[in-house]
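Reading through the structure tokens given below for one structure.
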Amino acid sequence: MRPIGFITIQNGVFPFTTTGMFEHLFLECMQCGLSWDLMLKKREIFRSCFAGFDYDRIAAFTEEDVERIMNTEGMIRSPRKIRAVIYNARCFQKIQDEFGSFCEYIWGFSDGKTILYQGHDTGRIPVSNGLSEKISKDLKKRGFKYVGPVTIYSHLQACGIINDHDKDCDCYHKINAQNPTIRKRRNAEKY
């Protein structure tokens with residue numbers, strides 16, 4: 001498995017192991033239409049409802065689990081999102097089987113390199129681009145839900161595949177030290 005380390009996102013720390021990647025995708029799914037701060041505040045409720053973000057256990061959830069989760073105090077009561085998370089866990093397992101790990105799958109799109117896009121380190125940061133669009137389409141083709149290009153761009157930033165930090169930021173250098181880097185021109189960016 002590709003070592004990725006820990007990334008901090010607005011006071012949320014995620015170990016980007018395969019389980020950490022699933023947790024982040026889980027939170028992005030639940031976040032659609034809501035704030036990221038709310039997701040971080042509800043993170044422990046999600047953890048208790050969804051088996052500590054264990055995608056293998058979540059993939060086995062039934063309608064009884066959906067009801068249990070819906071009735072949990074403080075939970076986001078969206079049956080569509082809850083079912084999407086369960087379905088995404090099943091899709092996640094298939095990617096694990098095919099690629100050996102979700103990390104290998106997602107890092108395969110950048111050939112294992114952190115991408116430094118022209119202009120991003122000076123504050124011109126898009127909400128999505130050609131790479132996030134490509135990965136989003138592939139994930140949707142594989143059955144994933146709530147994985148649009150904006151969500152995927154955020155995920156690529158979080159796990160270090162795209163480094164959009166300012167050159168003066170400590171995170172910029174920490175991320176670049178973890179993996180080989182490649183500089184690229186902007187790619188179908190949307191702001």
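Every chain in the structure tokens takes a letter, A first, then B, and so on in the order presented; its residues are numbered from 1, and the ligands are numbered from 1 following the presented order.
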Go through region 60-97 of chain A and flag each residue having an atom no more than 9 Å from region 20-32 of chain A; for those, report the closest pair of atoms plus their distance in Å to one decimal, using only C-alpha atoms, ordered by chain and rising number, as CSV.
```
residue,atom,partner,partner_atom,distance
A:Ile76,CA,A:Met30,CA,7.8
A:Ser78,CA,A:Met30,CA,8.6
A:Lys81,CA,A:Met30,CA,6.2
A:Ile82,CA,A:Met30,CA,7.9
A:Ala84,CA,A:Cys29,CA,7.9
A:Val85,CA,A:Phe26,CA,6.3
A:Asn88,CA,A:Phe26,CA,8.4
A:Ala89,CA,A:Phe22,CA,7.9
A:Phe92,CA,A:Phe22,CA,7.8
```
Report the residues of region 39-182 of chain A whose backbone DSSP state falls under alpha helix (DSSP H), written as a CSV table (one decimal) with N, CA, C and O atoms, in the first residue's frame.
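Generated output (out13.csv):
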```csv
chain,number,residue,atom,x,y,z
A,39,MET,N,-19.7,18.1,9.1
A,39,MET,CA,-19.3,16.7,9.0
A,39,MET,C,-18.3,16.4,10.1
A,39,MET,O,-18.3,15.3,10.7
A,40,LEU,N,-17.4,17.3,10.3
A,40,LEU,CA,-16.4,17.0,11.3
A,40,LEU,C,-17.0,17.0,12.7
A,40,LEU,O,-16.6,16.2,13.6
A,41,LYS,N,-18.0,17.8,13.0
A,41,LYS,CA,-18.7,17.8,14.3
A,41,LYS,C,-19.5,16.4,14.4
A,41,LYS,O,-19.6,16.0,15.6
A,43,ARG,N,-18.6,13.6,13.0
A,43,ARG,CA,-17.7,12.5,12.7
A,43,ARG,C,-17.9,11.3,13.7
A,43,ARG,O,-17.9,10.1,13.3
A,44,GLU,N,-17.9,11.6,15.0
A,44,GLU,CA,-18.0,10.5,16.0
A,44,GLU,C,-19.4,9.8,15.9
A,44,GLU,O,-19.5,8.6,16.1
A,45,ILE,N,-20.4,10.5,15.6
A,45,ILE,CA,-21.8,9.9,15.4
A,45,ILE,C,-21.7,9.0,14.2
A,45,ILE,O,-22.2,7.8,14.3
A,46,PHE,N,-21.1,9.4,13.1
A,46,PHE,CA,-20.9,8.6,11.9
A,46,PHE,C,-20.1,7.4,12.3
A,46,PHE,O,-20.5,6.2,11.9
A,47,ARG,N,-19.0,7.6,13.0
A,47,ARG,CA,-18.1,6.4,13.4
A,47,ARG,C,-18.9,5.4,14.1
A,47,ARG,O,-18.8,4.2,13.8
A,48,SER,N,-19.8,5.8,15.1
A,48,SER,CA,-20.5,4.8,15.9
A,48,SER,C,-21.6,4.1,15.0
A,48,SER,O,-21.9,3.0,15.2
A,49,CYS,N,-22.2,4.9,14.1
A,49,CYS,CA,-23.3,4.3,13.3
A,49,CYS,C,-22.8,3.4,12.2
A,49,CYS,O,-23.5,2.4,11.8
A,55,TYR,N,-15.3,-0.5,5.9
A,55,TYR,CA,-16.1,-0.6,4.7
A,55,TYR,C,-16.6,-2.1,4.5
A,55,TYR,O,-17.6,-2.3,3.9
A,56,ASP,N,-15.8,-3.1,4.9
A,56,ASP,CA,-16.3,-4.5,4.8
A,56,ASP,C,-17.5,-4.7,5.6
A,56,ASP,O,-18.5,-5.4,5.2
A,57,ARG,N,-17.5,-4.2,6.9
A,57,ARG,CA,-18.7,-4.3,7.7
A,57,ARG,C,-19.9,-3.5,7.1
A,57,ARG,O,-21.0,-4.0,7.1
A,58,ILE,N,-19.6,-2.3,6.7
A,58,ILE,CA,-20.7,-1.5,6.1
A,58,ILE,C,-21.3,-2.1,4.9
A,58,ILE,O,-22.5,-2.0,4.7
A,59,ALA,N,-20.5,-2.7,4.1
A,59,ALA,CA,-21.0,-3.4,2.8
A,59,ALA,C,-22.0,-4.5,3.2
A,59,ALA,O,-22.9,-4.8,2.3
A,63,GLU,N,-31.3,-3.3,5.5
A,63,GLU,CA,-32.3,-2.3,5.7
A,63,GLU,C,-32.5,-2.1,7.2
A,63,GLU,O,-32.9,-0.9,7.6
A,64,GLU,N,-32.3,-3.1,8.0
A,64,GLU,CA,-32.4,-2.9,9.5
A,64,GLU,C,-31.4,-1.9,9.9
A,64,GLU,O,-31.6,-1.1,10.8
A,65,ASP,N,-30.2,-2.0,9.4
A,65,ASP,CA,-29.1,-1.0,9.7
A,65,ASP,C,-29.5,0.4,9.3
A,65,ASP,O,-29.2,1.4,10.0
A,66,VAL,N,-30.1,0.5,8.1
A,66,VAL,CA,-30.5,1.8,7.6
A,66,VAL,C,-31.5,2.4,8.6
A,66,VAL,O,-31.4,3.6,9.0
A,67,GLU,N,-32.4,1.6,9.1
A,67,GLU,CA,-33.4,2.1,10.1
A,67,GLU,C,-32.7,2.5,11.4
A,67,GLU,O,-33.0,3.5,12.0
A,68,ARG,N,-31.8,1.7,11.8
A,68,ARG,CA,-31.0,1.9,13.1
A,68,ARG,C,-30.3,3.3,13.0
A,68,ARG,O,-30.4,4.1,13.9
A,69,ILE,N,-29.6,3.5,11.8
A,69,ILE,CA,-28.9,4.7,11.6
A,69,ILE,C,-29.8,5.9,11.5
A,69,ILE,O,-29.6,6.9,12.1
A,70,MET,N,-30.9,5.8,10.8
A,70,MET,CA,-31.9,6.9,10.7
A,70,MET,C,-32.4,7.3,12.1
A,70,MET,O,-32.8,8.4,12.3
A,79,PRO,N,-32.1,8.9,4.0
A,79,PRO,CA,-31.9,7.5,3.6
A,79,PRO,C,-31.2,7.4,2.3
A,79,PRO,O,-30.5,6.4,2.1
A,80,ARG,N,-31.3,8.3,1.4
A,80,ARG,CA,-30.5,8.2,0.1
A,80,ARG,C,-29.0,8.2,0.4
A,80,ARG,O,-28.3,7.4,-0.2
A,81,LYS,N,-28.6,9.1,1.3
A,81,LYS,CA,-27.1,9.2,1.6
A,81,LYS,C,-26.7,7.9,2.3
A,81,LYS,O,-25.6,7.4,2.1
A,82,ILE,N,-27.5,7.5,3.3
A,82,ILE,CA,-27.1,6.3,4.1
A,82,ILE,C,-27.0,5.1,3.1
A,82,ILE,O,-26.0,4.3,3.2
A,83,ARG,N,-28.0,4.9,2.3
A,83,ARG,CA,-27.9,3.8,1.3
A,83,ARG,C,-26.7,3.9,0.4
A,83,ARG,O,-26.1,2.9,0.0
A,84,ALA,N,-26.5,5.2,-0.1
A,84,ALA,CA,-25.3,5.4,-1.0
A,84,ALA,C,-24.0,5.0,-0.3
A,84,ALA,O,-23.1,4.4,-1.0
A,85,VAL,N,-23.9,5.3,1.0
A,85,VAL,CA,-22.6,4.9,1.7
A,85,VAL,C,-22.5,3.4,1.7
A,85,VAL,O,-21.4,2.9,1.5
A,86,ILE,N,-23.6,2.7,2.0
A,86,ILE,CA,-23.5,1.2,2.0
A,86,ILE,C,-23.2,0.7,0.6
A,86,ILE,O,-22.3,-0.2,0.5
A,87,TYR,N,-23.8,1.3,-0.4
A,87,TYR,CA,-23.5,0.8,-1.8
A,87,TYR,C,-22.1,1.2,-2.2
A,87,TYR,O,-21.4,0.3,-2.8
A,88,ASN,N,-21.6,2.4,-1.8
A,88,ASN,CA,-20.2,2.7,-2.1
A,88,ASN,C,-19.2,1.8,-1.4
A,88,ASN,O,-18.2,1.5,-1.9
A,89,ALA,N,-19.6,1.3,-0.2
A,89,ALA,CA,-18.7,0.3,0.5
A,89,ALA,C,-18.6,-0.9,-0.3
A,89,ALA,O,-17.5,-1.5,-0.4
A,90,ARG,N,-19.7,-1.4,-0.9
A,90,ARG,CA,-19.6,-2.6,-1.8
A,90,ARG,C,-18.8,-2.3,-3.0
A,90,ARG,O,-18.0,-3.2,-3.5
A,91,CYS,N,-18.9,-1.1,-3.6
A,91,CYS,CA,-18.1,-0.8,-4.8
A,91,CYS,C,-16.6,-0.6,-4.4
A,91,CYS,O,-15.7,-1.0,-5.2
A,92,PHE,N,-16.4,-0.1,-3.2
A,92,PHE,CA,-15.0,0.0,-2.7
A,92,PHE,C,-14.3,-1.3,-2.6
A,92,PHE,O,-13.2,-1.5,-3.0
A,93,GLN,N,-15.1,-2.3,-2.1
A,93,GLN,CA,-14.6,-3.7,-2.0
A,93,GLN,C,-14.2,-4.2,-3.4
A,93,GLN,O,-13.1,-4.9,-3.5
A,94,LYS,N,-15.0,-3.9,-4.4
A,94,LYS,CA,-14.7,-4.4,-5.8
A,94,LYS,C,-13.4,-3.8,-6.3
A,94,LYS,O,-12.6,-4.5,-6.9
A,95,ILE,N,-13.2,-2.5,-6.0
A,95,ILE,CA,-11.9,-1.9,-6.4
A,95,ILE,C,-10.7,-2.5,-5.7
A,95,ILE,O,-9.7,-2.7,-6.2
A,96,GLN,N,-10.9,-2.8,-4.4
A,96,GLN,CA,-9.9,-3.5,-3.6
A,96,GLN,C,-9.5,-4.8,-4.2
A,96,GLN,O,-8.3,-5.1,-4.4
A,97,ASP,N,-10.5,-5.5,-4.6
A,97,ASP,CA,-10.3,-6.8,-5.2
A,97,ASP,C,-9.5,-6.7,-6.6
A,97,ASP,O,-8.6,-7.5,-6.9
A,98,GLU,N,-9.9,-5.7,-7.3
A,98,GLU,CA,-9.3,-5.5,-8.7
A,98,GLU,C,-7.9,-4.9,-8.6
A,98,GLU,O,-7.0,-5.4,-9.4
A,99,PHE,N,-7.7,-4.0,-7.7
A,99,PHE,CA,-6.4,-3.2,-7.7
A,99,PHE,C,-5.5,-3.6,-6.6
A,99,PHE,O,-4.4,-3.1,-6.5
A,102,PHE,N,-7.5,0.5,-2.6
A,102,PHE,CA,-8.1,1.7,-3.2
A,102,PHE,C,-6.9,2.7,-3.4
A,102,PHE,O,-7.0,3.5,-4.3
A,103,CYS,N,-5.9,2.7,-2.5
A,103,CYS,CA,-4.8,3.6,-2.7
A,103,CYS,C,-4.1,3.4,-4.0
A,103,CYS,O,-3.8,4.4,-4.7
A,104,GLU,N,-3.9,2.2,-4.4
A,104,GLU,CA,-3.2,1.9,-5.7
A,104,GLU,C,-4.1,2.3,-6.8
A,104,GLU,O,-3.6,2.8,-7.8
A,105,TYR,N,-5.4,2.1,-6.7
A,105,TYR,CA,-6.3,2.5,-7.7
A,105,TYR,C,-6.3,4.0,-7.9
A,105,TYR,O,-6.0,4.5,-9.0
A,106,ILE,N,-6.4,4.8,-6.9
A,106,ILE,CA,-6.5,6.3,-7.0
A,106,ILE,C,-5.2,6.9,-7.4
A,106,ILE,O,-5.1,7.8,-8.2
A,107,TRP,N,-4.1,6.4,-6.8
A,107,TRP,CA,-2.8,6.9,-7.1
A,107,TRP,C,-2.4,6.5,-8.5
A,107,TRP,O,-1.5,7.1,-9.1
A,108,GLY,N,-3.0,5.5,-9.1
A,108,GLY,CA,-2.7,5.1,-10.4
A,108,GLY,C,-3.0,6.1,-11.5
A,108,GLY,O,-2.3,6.2,-12.5
A,130,GLY,N,-9.8,18.5,-15.0
A,130,GLY,CA,-9.9,17.3,-15.9
A,130,GLY,C,-9.7,16.0,-15.2
A,130,GLY,O,-10.3,15.0,-15.5
A,131,LEU,N,-8.7,16.0,-14.3
A,131,LEU,CA,-8.4,14.7,-13.6
A,131,LEU,C,-9.5,14.3,-12.7
A,131,LEU,O,-9.9,13.2,-12.7
A,132,SER,N,-10.1,15.3,-12.0
A,132,SER,CA,-11.2,14.9,-11.1
A,132,SER,C,-12.4,14.5,-11.9
A,132,SER,O,-13.1,13.6,-11.4
A,133,GLU,N,-12.6,15.1,-13.0
A,133,GLU,CA,-13.7,14.7,-13.9
A,133,GLU,C,-13.5,13.2,-14.4
A,133,GLU,O,-14.4,12.4,-14.4
A,134,LYS,N,-12.3,12.9,-14.8
A,134,LYS,CA,-11.9,11.6,-15.3
A,134,LYS,C,-12.2,10.5,-14.2
A,134,LYS,O,-12.8,9.5,-14.4
A,135,ILE,N,-11.7,10.8,-13.0
A,135,ILE,CA,-11.8,9.8,-11.9
A,135,ILE,C,-13.3,9.7,-11.5
A,135,ILE,O,-13.8,8.6,-11.2
A,136,SER,N,-14.0,10.9,-11.4
A,136,SER,CA,-15.4,10.8,-11.1
A,136,SER,C,-16.2,9.9,-12.0
A,136,SER,O,-17.0,9.1,-11.6
A,137,LYS,N,-15.9,10.1,-13.3
A,137,LYS,CA,-16.6,9.3,-14.3
A,137,LYS,C,-16.3,7.8,-14.1
A,137,LYS,O,-17.2,6.9,-14.2
A,138,ASP,N,-15.0,7.5,-13.8
A,138,ASP,CA,-14.6,6.1,-13.6
A,138,ASP,C,-15.3,5.5,-12.4
A,138,ASP,O,-15.8,4.4,-12.4
A,139,LEU,N,-15.4,6.3,-11.3
A,139,LEU,CA,-16.0,5.8,-10.1
A,139,LEU,C,-17.5,5.6,-10.3
A,139,LEU,O,-18.1,4.6,-9.9
A,140,LYS,N,-18.1,6.5,-11.0
A,140,LYS,CA,-19.6,6.4,-11.3
A,140,LYS,C,-19.8,5.2,-12.2
A,140,LYS,O,-20.8,4.4,-12.0
A,141,LYS,N,-18.9,4.9,-13.1
A,141,LYS,CA,-19.1,3.8,-14.0
A,141,LYS,C,-19.0,2.5,-13.2
A,141,LYS,O,-19.6,1.5,-13.4
A,149,PRO,N,-17.1,15.5,-9.7
A,149,PRO,CA,-15.8,16.0,-9.9
A,149,PRO,C,-15.3,17.0,-8.8
A,149,PRO,O,-14.1,17.0,-8.5
A,150,VAL,N,-16.2,17.7,-8.2
A,150,VAL,CA,-15.8,18.6,-7.1
A,150,VAL,C,-15.5,17.8,-5.8
A,150,VAL,O,-14.4,18.1,-5.2
A,151,THR,N,-16.3,16.8,-5.5
A,151,THR,CA,-16.0,15.9,-4.4
A,151,THR,C,-14.6,15.2,-4.6
A,151,THR,O,-13.8,15.1,-3.7
A,152,ILE,N,-14.4,14.7,-5.8
A,152,ILE,CA,-13.2,14.0,-6.1
A,152,ILE,C,-12.0,14.9,-6.1
A,152,ILE,O,-10.9,14.6,-5.6
A,153,TYR,N,-12.1,16.2,-6.6
A,153,TYR,CA,-11.0,17.1,-6.5
A,153,TYR,C,-10.6,17.3,-5.1
A,153,TYR,O,-9.4,17.3,-4.7
A,154,SER,N,-11.6,17.5,-4.2
A,154,SER,CA,-11.3,17.6,-2.8
A,154,SER,C,-10.6,16.4,-2.2
A,154,SER,O,-9.6,16.6,-1.4
A,155,HIS,N,-11.0,15.2,-2.7
A,155,HIS,CA,-10.3,14.0,-2.2
A,155,HIS,C,-8.9,14.0,-2.7
A,155,HIS,O,-8.0,13.6,-1.9
A,156,LEU,N,-8.6,14.3,-3.9
A,156,LEU,CA,-7.3,14.3,-4.5
A,156,LEU,C,-6.4,15.3,-3.7
A,156,LEU,O,-5.2,15.0,-3.5
A,157,GLN,N,-6.9,16.4,-3.3
A,157,GLN,CA,-6.2,17.4,-2.5
A,157,GLN,C,-5.9,16.8,-1.2
A,157,GLN,O,-4.7,16.9,-0.7
A,158,ALA,N,-6.9,16.2,-0.6
A,158,ALA,CA,-6.7,15.7,0.8
A,158,ALA,C,-5.7,14.6,0.9
A,158,ALA,O,-5.0,14.5,1.9
A,170,ASP,N,3.9,25.0,5.3
A,170,ASP,CA,4.6,23.7,5.7
A,170,ASP,C,4.0,22.5,5.0
A,170,ASP,O,4.7,21.6,4.6
A,171,CYS,N,2.7,22.5,4.8
A,171,CYS,CA,2.0,21.3,4.2
A,171,CYS,C,2.5,21.1,2.8
A,171,CYS,O,2.6,20.0,2.3
A,172,TYR,N,2.8,22.2,2.0
A,172,TYR,CA,3.3,22.1,0.7
A,172,TYR,C,4.6,21.2,0.6
A,172,TYR,O,4.7,20.3,-0.2
A,173,HIS,N,5.5,21.5,1.5
A,173,HIS,CA,6.7,20.8,1.6
A,173,HIS,C,6.6,19.3,2.1
A,173,HIS,O,7.2,18.4,1.7
A,174,LYS,N,5.7,19.2,3.1
A,174,LYS,CA,5.5,17.9,3.7
A,174,LYS,C,4.9,16.9,2.7
A,174,LYS,O,5.3,15.7,2.6
A,175,ILE,N,3.9,17.4,2.0
A,175,ILE,CA,3.3,16.5,0.9
A,175,ILE,C,4.3,16.2,-0.2
A,175,ILE,O,4.4,15.0,-0.6
A,176,ASN,N,5.0,17.2,-0.6
A,176,ASN,CA,6.0,16.9,-1.7
A,176,ASN,C,7.1,15.9,-1.2
A,176,ASN,O,7.7,15.2,-2.0
A,177,ALA,N,7.4,15.9,0.1
A,177,ALA,CA,8.4,15.0,0.6
A,177,ALA,C,7.9,13.5,0.7
A,177,ALA,O,8.7,12.6,0.7
A,178,GLN,N,6.6,13.3,0.7
A,178,GLN,CA,6.1,12.0,0.8
A,178,GLN,C,6.1,11.2,-0.5
A,178,GLN,O,6.1,9.9,-0.5
```
*Any idea what's packed within 12 Å of Arg185 (chain A), counting only C-alpha atoms, ignoring anything in its chain fewer than 4 positions away? Could you give it as a PyMOL selection string?*
chain A and resi 115-120+129-131+189
Those residues with N, CA, C and O atoms, as a PDB file, in the first residue's frame please?
```pdb
ATOM      1  N   ILE A 115       0.824  15.810  -7.969  1.00  0.00           N
ATOM      2  CA  ILE A 115       0.754  16.752  -9.089  1.00  0.00           C
ATOM      3  C   ILE A 115       0.770  18.188  -8.561  1.00  0.00           C
ATOM      4  O   ILE A 115       0.000  18.541  -7.670  1.00  0.00           O
ATOM      5  N   LEU A 116       1.655  18.972  -9.140  1.00  0.00           N
ATOM      6  CA  LEU A 116       1.761  20.403  -8.840  1.00  0.00           C
ATOM      7  C   LEU A 116       1.306  21.144 -10.093  1.00  0.00           C
ATOM      8  O   LEU A 116       2.042  21.222 -11.077  1.00  0.00           O
ATOM      9  N   TYR A 117       0.065  21.629 -10.077  1.00  0.00           N
ATOM     10  CA  TYR A 117      -0.465  22.330 -11.243  1.00  0.00           C
ATOM     11  C   TYR A 117       0.012  23.779 -11.263  1.00  0.00           C
ATOM     12  O   TYR A 117       0.080  24.443 -10.229  1.00  0.00           O
ATOM     13  N   GLN A 118       0.302  24.264 -12.436  1.00  0.00           N
ATOM     14  CA  GLN A 118       0.765  25.629 -12.663  1.00  0.00           C
ATOM     15  C   GLN A 118      -0.244  26.639 -12.087  1.00  0.00           C
ATOM     16  O   GLN A 118      -1.435  26.579 -12.377  1.00  0.00           O
ATOM     17  N   GLY A 119       0.236  27.517 -11.217  1.00  0.00           N
ATOM     18  CA  GLY A 119      -0.589  28.583 -10.662  1.00  0.00           C
ATOM     19  C   GLY A 119      -1.325  28.232  -9.380  1.00  0.00           C
ATOM     20  O   GLY A 119      -1.771  29.123  -8.667  1.00  0.00           O
ATOM     21  N   HIS A 120      -1.448  26.958  -9.050  1.00  0.00           N
ATOM     22  CA  HIS A 120      -2.192  26.588  -7.846  1.00  0.00           C
ATOM     23  C   HIS A 120      -1.483  27.031  -6.574  1.00  0.00           C
ATOM     24  O   HIS A 120      -2.124  27.376  -5.588  1.00  0.00           O
ATOM     25  N   ASN A 129     -11.237  19.760 -11.938  1.00  0.00           N
ATOM     26  CA  ASN A 129     -10.437  19.849 -13.156  1.00  0.00           C
ATOM     27  C   ASN A 129     -10.611  18.578 -13.977  1.00  0.00           C
ATOM     28  O   ASN A 129     -11.416  17.707 -13.640  1.00  0.00           O
ATOM     29  N   GLY A 130      -9.828  18.468 -15.038  1.00  0.00           N
ATOM     30  CA  GLY A 130      -9.935  17.316 -15.933  1.00  0.00           C
ATOM     31  C   GLY A 130      -9.654  15.994 -15.239  1.00  0.00           C
ATOM     32  O   GLY A 130     -10.316  14.987 -15.506  1.00  0.00           O
ATOM     33  N   LEU A 131      -8.679  15.979 -14.337  1.00  0.00           N
ATOM     34  CA  LEU A 131      -8.355  14.743 -13.619  1.00  0.00           C
ATOM     35  C   LEU A 131      -9.505  14.327 -12.709  1.00  0.00           C
ATOM     36  O   LEU A 131      -9.895  13.159 -12.680  1.00  0.00           O
ATOM     37  N   GLU A 189      -9.815  23.236 -15.870  1.00  0.00           N
ATOM     38  CA  GLU A 189     -10.206  23.666 -14.531  1.00  0.00           C
ATOM     39  C   GLU A 189     -11.528  24.434 -14.531  1.00  0.00           C
ATOM     40  O   GLU A 189     -11.817  25.174 -15.463  1.00  0.00           O
TER      41      GLU A 189
END
```
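Straight-line separation from CA of Asn187 (chain A) to CA of Asp37 (chain A): 28.8 Å.
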*Assign secondary structure with DSSP using the backbone only, and return the residues of region 99-141 of chain A in strand (DSSP E) as a ChimeraX atom specification.*
/A:114-117
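Taking CA of Arg77 (chain A) as the reference point, CA of Ser128 (chain A) is found at 27.9 Å.
Atom pair CA of Thr18 (chain A) / CA of Ile161 (chain A) has a distance of 14.3 Å (rounded to one decimal).
The list of residues with at least one atom within 8 Å of Thr114 (chain A), based on only C-alpha atoms and without residues fewer than 5 positions apart in the same chain, reads Gly160, Ile161, Ile162, Asn163, Ile175, Asn176, Asn179, Pro180, Thr181 and Ile182 of chain A.
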Keeping C-alpha atoms, export the residues of the selection given above as a CSV table (one decimal), in the first residue's frame.
```csv
chain,number,residue,atom,x,y,z
A,160,GLY,CA,-1.8,14.5,-1.6
A,161,ILE,CA,-2.3,13.5,-5.2
A,162,ILE,CA,-2.9,17.2,-6.0
A,163,ASN,CA,-0.8,19.7,-3.9
A,175,ILE,CA,3.3,16.5,0.9
A,176,ASN,CA,6.0,16.9,-1.7
A,179,ASN,CA,5.9,11.2,-2.9
A,180,PRO,CA,7.7,12.0,-6.2
A,181,THR,CA,6.2,15.2,-7.8
A,182,ILE,CA,5.4,16.2,-11.3
```
